[in-house]
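This report concerns only the one structure given below.
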Amino acid sequence: MRIPFSRGFSITCAVTLAGLLAACSGNKEGAPPPGAGMPPPEVSVVTLAPQTVTLSRELPGRTVPYLVAEVRPQATGIVKERLFVEGALVKAGQPLYQLDDAVYRAEAASARATLARAEATLNTATLNARRSAELLKIEAVSKQDDENAQAARQLAEADVAAARAAVDRATINLGYAKIASPISGRIGKSSVTPGALLTANQDNAIATVQQLDPMYVDVTQSSSELLELRKQLASGRMKPANVPVDIVLEDGSRHAHKGKLAFSETTVDPATGSYTLRIVVPNPDQVLLPGIYIRAIVGSGTRDNAILAPQRGITRDPKGNAFAMVLDAESKVQMRPVKVSSTVGDQWLVEDGLAAGERVIVEGLQKIRPGMPAKVAEPAPAAAPAAAPAAKK
């Protein structure tokens with residue numbers, strides 16, 4: 001069934017549709033662009049200023065005793081007594097062990113007796129030689145007899161010298177029967193007990209003494225870092241820094257006493273490409289023990305007019321390139337590629353890309369994009385002090 005449409009109805013519909021399209025088109029053209037009339041976002045900035053900084057490097061290492069002495073016997077004998085407490089502090093020359101010295105005392109007594117006999121013989125030979133010389137003047141004895149008397153005196157002098165040397169040797173051996181500490185320090189456990197047989201100059205040590213105050217700390221550093229440091233020192237960009245060394249313990253705390261760099265090894269380990277630095281650290285409380293793993297914060301040099309940027313103001317793209325968002329003189333945001341080298345506390349040391357006086361955006365980065373205006377946020381007012389609670393009755 002066909003529904004008839006009149007000509008007037010068709011014209012009316014066409015006019016109405018045209019009016020609707022015109023109204024929609026007019027609204028689209030007259031609408032303000034997105035974001036128009038919005039105030040610029042607020043950001044927080046840090047104004048960069050040149051300053052003198054001391055660059056440091058945190059290096060791993062281990063503690064080493066300042067002095068180590070392994071105690072070994074220099075005489076053969078049975079251990080008669082141990083004269084120290086294991087783990088105690090001992091002084092240099094303090095007796096540690098007493099050996100059975102009966103044989104050595106007998107040898108010393110025999111040597112002294114031999115010396116006495118040689119001295120008596122020398123006395124007789126000296127008198128005979130003196131008498132023979134007087135008789136030779138009046139030709140009462142032959143020249144041959146006088147020469148024999150003088151030779152006997154010289155032989156007796158040699159015997160006395162040999163006997164004195166034997167006494168000294170016997171006295172030394174007797175002294176070796178009492179084993180003393182070669183250095184001052186803390187002694188470890190004893191590997192022998194009374195009744196054990198010791199041999200002179202044996203391979204096995206019977207105890208070990210270690211001097212723990214001061215203490216050595218050996219740390220390793222990459223040879224490439226050493227080359228870079230030498231280049232910067234040679235170019236004048238950095239000055240040598242003679243600053244104390246901070247020692248960080250295993251639990252993250254810092255040692256109460258600062259260390260001092262003693263020397264650096266002259267040979268690079270070919271297996272690791274690193275070399276050793278030795279640090280001397282006071283250790284009066286003996287907090288540091290041999291073999292502890294530590295970290296040493298070693299100053300490498302000082303740099304004048306250095307530019308430091310907050311770490312939160314430096315970001316990296318997916319390729320790892322660093323950049324900063326800077327607010328220029330017209331209060332517009334600029335994206336600035338930068339080059340950073342090392343950290344100083346919570347800041348980056350900037351090598352290129354930023355200059356003194358520039359304002360680096362550190363807060364509000366998610367609200368900005370390059371080219372758009374931004375406003376520096378005003379600091380928040382200080383909070384009013386809280387009222388004191390009323391006193392209880």
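Following the order of the structure tokens, chains are lettered A, B, ..., residues in each are numbered from 1, and ligands are numbered from 1.
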
Check the DSSP output for the backbone and give back, as number ranges by chain, the residues of range 67-267 of chain A in strand (DSSP E). A: 67-71, 77-82, 89-90, 95-99, 178-180, 185-187, 197-198, 207-222, 246-248, 260-264

Next, the residues of the selection above should be written as an mmCIF file, in the first residue's frame with C-alpha atoms.
data_model
loop_
_atom_site.group_PDB
_atom_site.id
_atom_site.type_symbol
_atom_site.label_atom_id
_atom_site.label_comp_id
_atom_site.auth_asym_id
_atom_site.auth_seq_id
_atom_site.Cartn_x
_atom_site.Cartn_y
_atom_site.Cartn_z
ATOM 1 C CA LEU A 67 100.829 -6.539 61.609
ATOM 2 C CA VAL A 68 100.695 -10.344 61.666
ATOM 3 C CA ALA A 69 103.259 -12.580 63.380
ATOM 4 C CA GLU A 70 103.145 -16.374 63.441
ATOM 5 C CA VAL A 71 104.810 -17.729 66.567
ATOM 6 C CA GLY A 77 111.929 -29.108 73.579
ATOM 7 C CA ILE A 78 108.826 -30.159 75.480
ATOM 8 C CA VAL A 79 106.221 -27.465 76.281
ATOM 9 C CA LYS A 80 106.327 -27.089 80.043
ATOM 10 C CA GLU A 81 103.801 -24.268 80.460
ATOM 11 C CA ARG A 82 101.580 -21.908 78.450
ATOM 12 C CA LEU A 89 96.203 -8.716 74.313
ATOM 13 C CA VAL A 90 99.938 -9.393 74.568
ATOM 14 C CA PRO A 95 106.636 -14.776 77.319
ATOM 15 C CA LEU A 96 104.085 -17.086 75.721
ATOM 16 C CA TYR A 97 105.452 -20.609 76.274
ATOM 17 C CA GLN A 98 108.059 -22.107 78.573
ATOM 18 C CA LEU A 99 109.965 -25.153 77.285
ATOM 19 C CA LYS A 178 111.070 -19.249 76.713
ATOM 20 C CA ILE A 179 109.067 -18.345 73.572
ATOM 21 C CA ALA A 180 108.108 -14.638 73.524
ATOM 22 C CA GLY A 185 98.565 -7.337 69.555
ATOM 23 C CA ARG A 186 95.783 -9.830 70.117
ATOM 24 C CA ILE A 187 96.802 -13.477 70.208
ATOM 25 C CA LEU A 197 107.162 -31.620 71.563
ATOM 26 C CA LEU A 198 108.267 -28.603 69.555
ATOM 27 C CA ALA A 207 99.988 -19.285 67.724
ATOM 28 C CA THR A 208 99.327 -16.087 65.769
ATOM 29 C CA VAL A 209 99.508 -12.514 67.043
ATOM 30 C CA GLN A 210 97.728 -9.731 65.105
ATOM 31 C CA GLN A 211 97.954 -6.002 65.644
ATOM 32 C CA LEU A 212 94.429 -4.625 65.118
ATOM 33 C CA ASP A 213 94.976 -0.943 65.924
ATOM 34 C CA PRO A 214 95.352 0.596 63.442
ATOM 35 C CA MET A 215 93.812 -1.630 60.785
ATOM 36 C CA TYR A 216 94.403 -1.881 57.052
ATOM 37 C CA VAL A 217 91.471 -1.770 54.622
ATOM 38 C CA ASP A 218 92.216 -3.019 51.105
ATOM 39 C CA VAL A 219 89.747 -1.831 48.442
ATOM 40 C CA THR A 220 89.728 -2.307 44.681
ATOM 41 C CA GLN A 221 89.045 0.262 41.970
ATOM 42 C CA SER A 222 88.661 -0.110 38.228
ATOM 43 C CA ASP A 246 84.703 7.097 55.547
ATOM 44 C CA ILE A 247 84.305 3.396 56.353
ATOM 45 C CA VAL A 248 80.808 1.912 55.985
ATOM 46 C CA LYS A 260 93.636 7.779 55.456
ATOM 47 C CA LEU A 261 94.832 6.567 52.074
ATOM 48 C CA ALA A 262 98.242 4.914 52.545
ATOM 49 C CA PHE A 263 99.204 3.883 48.998
ATOM 50 C CA SER A 264 97.861 2.436 45.759
#

Closest atom pairs, residues of range 39-67 of chain A within 10 Å of range 306-327 of chain A, only C-alpha atoms, as a Markdown table:
| residue | atom | partner | partner_atom | distance |
| --- | --- | --- | --- | --- |
| A:Val43 | CA | A:Leu327 | CA | 9.3 |
| A:Ser44 | CA | A:Leu327 | CA | 9.9 |
| A:Val45 | CA | A:Leu327 | CA | 7.9 |
| A:Val46 | CA | A:Pro310 | CA | 7.9 |
| A:Thr47 | CA | A:Ala309 | CA | 8.9 |
| A:Leu48 | CA | A:Ile307 | CA | 6.8 |
| A:Ala49 | CA | A:Ile307 | CA | 6.5 |
| A:Pro50 | CA | A:Ala306 | CA | 5.2 |
| A:Gln51 | CA | A:Ala306 | CA | 5.3 |
| A:Thr52 | CA | A:Ala306 | CA | 6.0 |
| A:Val53 | CA | A:Ala306 | CA | 6.8 |
| A:Thr54 | CA | A:Ala306 | CA | 9.8 |

Using only C-alpha atoms, can you tell me which of A:Thr272, A:Gln94, A:Thr302, A:Ser110 comes closest to Ala170 in chain A? A:Ser110

Using only C-alpha atoms, which protein or nucleic acid residues come within 12 Å of Ala151 in chain A? Drop anything in the same chain fewer than 5 positions from it, and give the result as a tab-separated table (two decimals) with N, CA and C atoms, in the first residue's frame.
chain	number	residue	atom	x	y	z
A	122	LEU	N	144.90	-18.40	79.17
A	122	LEU	CA	145.38	-17.15	78.60
A	122	LEU	C	146.22	-16.38	79.61
A	125	ALA	N	149.61	-18.03	79.71
A	125	ALA	CA	150.35	-17.77	78.47
A	125	ALA	C	150.82	-16.33	78.40
A	126	THR	N	150.04	-15.41	78.92
A	126	THR	CA	150.43	-14.00	78.90
A	126	THR	C	151.63	-13.76	79.81
A	128	ASN	N	153.92	-16.00	80.67
A	128	ASN	CA	155.09	-16.63	80.06
A	128	ASN	C	155.63	-15.79	78.91
A	129	ALA	N	154.74	-15.24	78.10
A	129	ALA	CA	155.19	-14.42	76.98
A	129	ALA	C	155.87	-13.16	77.47
A	130	ARG	N	155.37	-12.54	78.53
A	130	ARG	CA	155.99	-11.33	79.08
A	130	ARG	C	157.38	-11.65	79.66
A	132	SER	N	159.32	-14.20	78.83
A	132	SER	CA	160.23	-14.56	77.74
A	132	SER	C	160.75	-13.32	77.04
A	144	GLN	N	163.90	-18.41	69.32
A	144	GLN	CA	162.89	-19.41	68.99
A	144	GLN	C	161.97	-19.66	70.18
A	145	ASP	N	162.52	-19.75	71.37
A	145	ASP	CA	161.69	-19.96	72.55
A	145	ASP	C	160.76	-18.77	72.80
A	146	ASP	N	161.28	-17.57	72.55
A	146	ASP	CA	160.42	-16.38	72.74
A	146	ASP	C	159.27	-16.37	71.74
A	156	ALA	N	146.01	-18.81	73.11
A	156	ALA	CA	145.14	-18.75	74.29
A	156	ALA	C	144.09	-17.65	74.13
A	157	GLU	N	144.43	-16.53	73.52
A	157	GLU	CA	143.46	-15.47	73.27
A	157	GLU	C	142.35	-15.95	72.33
A	158	ALA	N	142.74	-16.71	71.30
A	158	ALA	CA	141.73	-17.25	70.37
A	158	ALA	C	140.80	-18.23	71.07

Pick from A:Pro290, A:Ala120, A:Ile183, A:Asp100: nearest to Gly195 in chain A, with only C-alpha atoms counted?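 Of all the options, A:Asp100 lies closest to Gly195 in chain A.
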
Nearest residue to Thr124 in chain A from the set A:Lys258, A:Val298, A:Gln154, A:Glu58 (distances using only C-alpha atoms): A:Gln154

Å distance separating CA of Ala88 in chain A from CA of Ile279 in chain A, one decimal place: 25.7 Å

When DSSP is applied to the backbone of this structure, which of range 138-180 of chain A are assigned alpha helix (DSSP H)? Write them out as a PyMOL selection string. chain A and resi 143-176

Can you write just those residues out, C-alpha atoms, as a short mmCIF file (atom, residue, chain, number, x, y, z; two decimals), in the first residue's frame?
data_model
loop_
_atom_site.label_atom_id
_atom_site.label_comp_id
_atom_site.auth_asym_id
_atom_site.auth_seq_id
_atom_site.Cartn_x
_atom_site.Cartn_y
_atom_site.Cartn_z
CA LYS A 143 164.66 -16.18 69.92
CA GLN A 144 162.89 -19.41 68.99
CA ASP A 145 161.69 -19.96 72.55
CA ASP A 146 160.42 -16.38 72.74
CA GLU A 147 158.46 -16.78 69.50
CA ASN A 148 156.90 -19.98 70.84
CA ALA A 149 155.82 -18.16 74.01
CA GLN A 150 154.26 -15.30 72.04
CA ALA A 151 152.41 -17.77 69.78
CA ALA A 152 151.06 -19.65 72.83
CA ARG A 153 149.66 -16.39 74.17
CA GLN A 154 147.88 -15.64 70.88
CA LEU A 155 146.48 -19.17 70.76
CA ALA A 156 145.14 -18.75 74.29
CA GLU A 157 143.46 -15.47 73.27
CA ALA A 158 141.73 -17.25 70.37
CA ASP A 159 140.53 -20.00 72.70
CA VAL A 160 139.03 -17.39 75.01
CA ALA A 161 137.19 -15.74 72.10
CA ALA A 162 135.82 -19.11 70.98
CA ALA A 163 134.73 -19.93 74.52
CA ARG A 164 132.92 -16.58 74.85
CA ALA A 165 131.10 -17.23 71.57
CA ALA A 166 130.05 -20.64 72.90
CA VAL A 167 128.69 -18.98 76.04
CA ASP A 168 126.72 -16.49 73.95
CA ARG A 169 125.28 -19.30 71.82
CA ALA A 170 124.31 -21.34 74.85
CA THR A 171 122.72 -18.27 76.48
CA ILE A 172 120.70 -17.58 73.33
CA ASN A 173 119.49 -21.18 73.14
CA LEU A 174 118.53 -21.00 76.80
CA GLY A 175 116.57 -17.84 76.06
CA TYR A 176 114.79 -19.59 73.16
#

One residue among A:Val350, A:Ile297, A:Ile206, A:Val376 is nearest to Lys332 in chain A when using only C-alpha atoms, and that residue is A:Val376
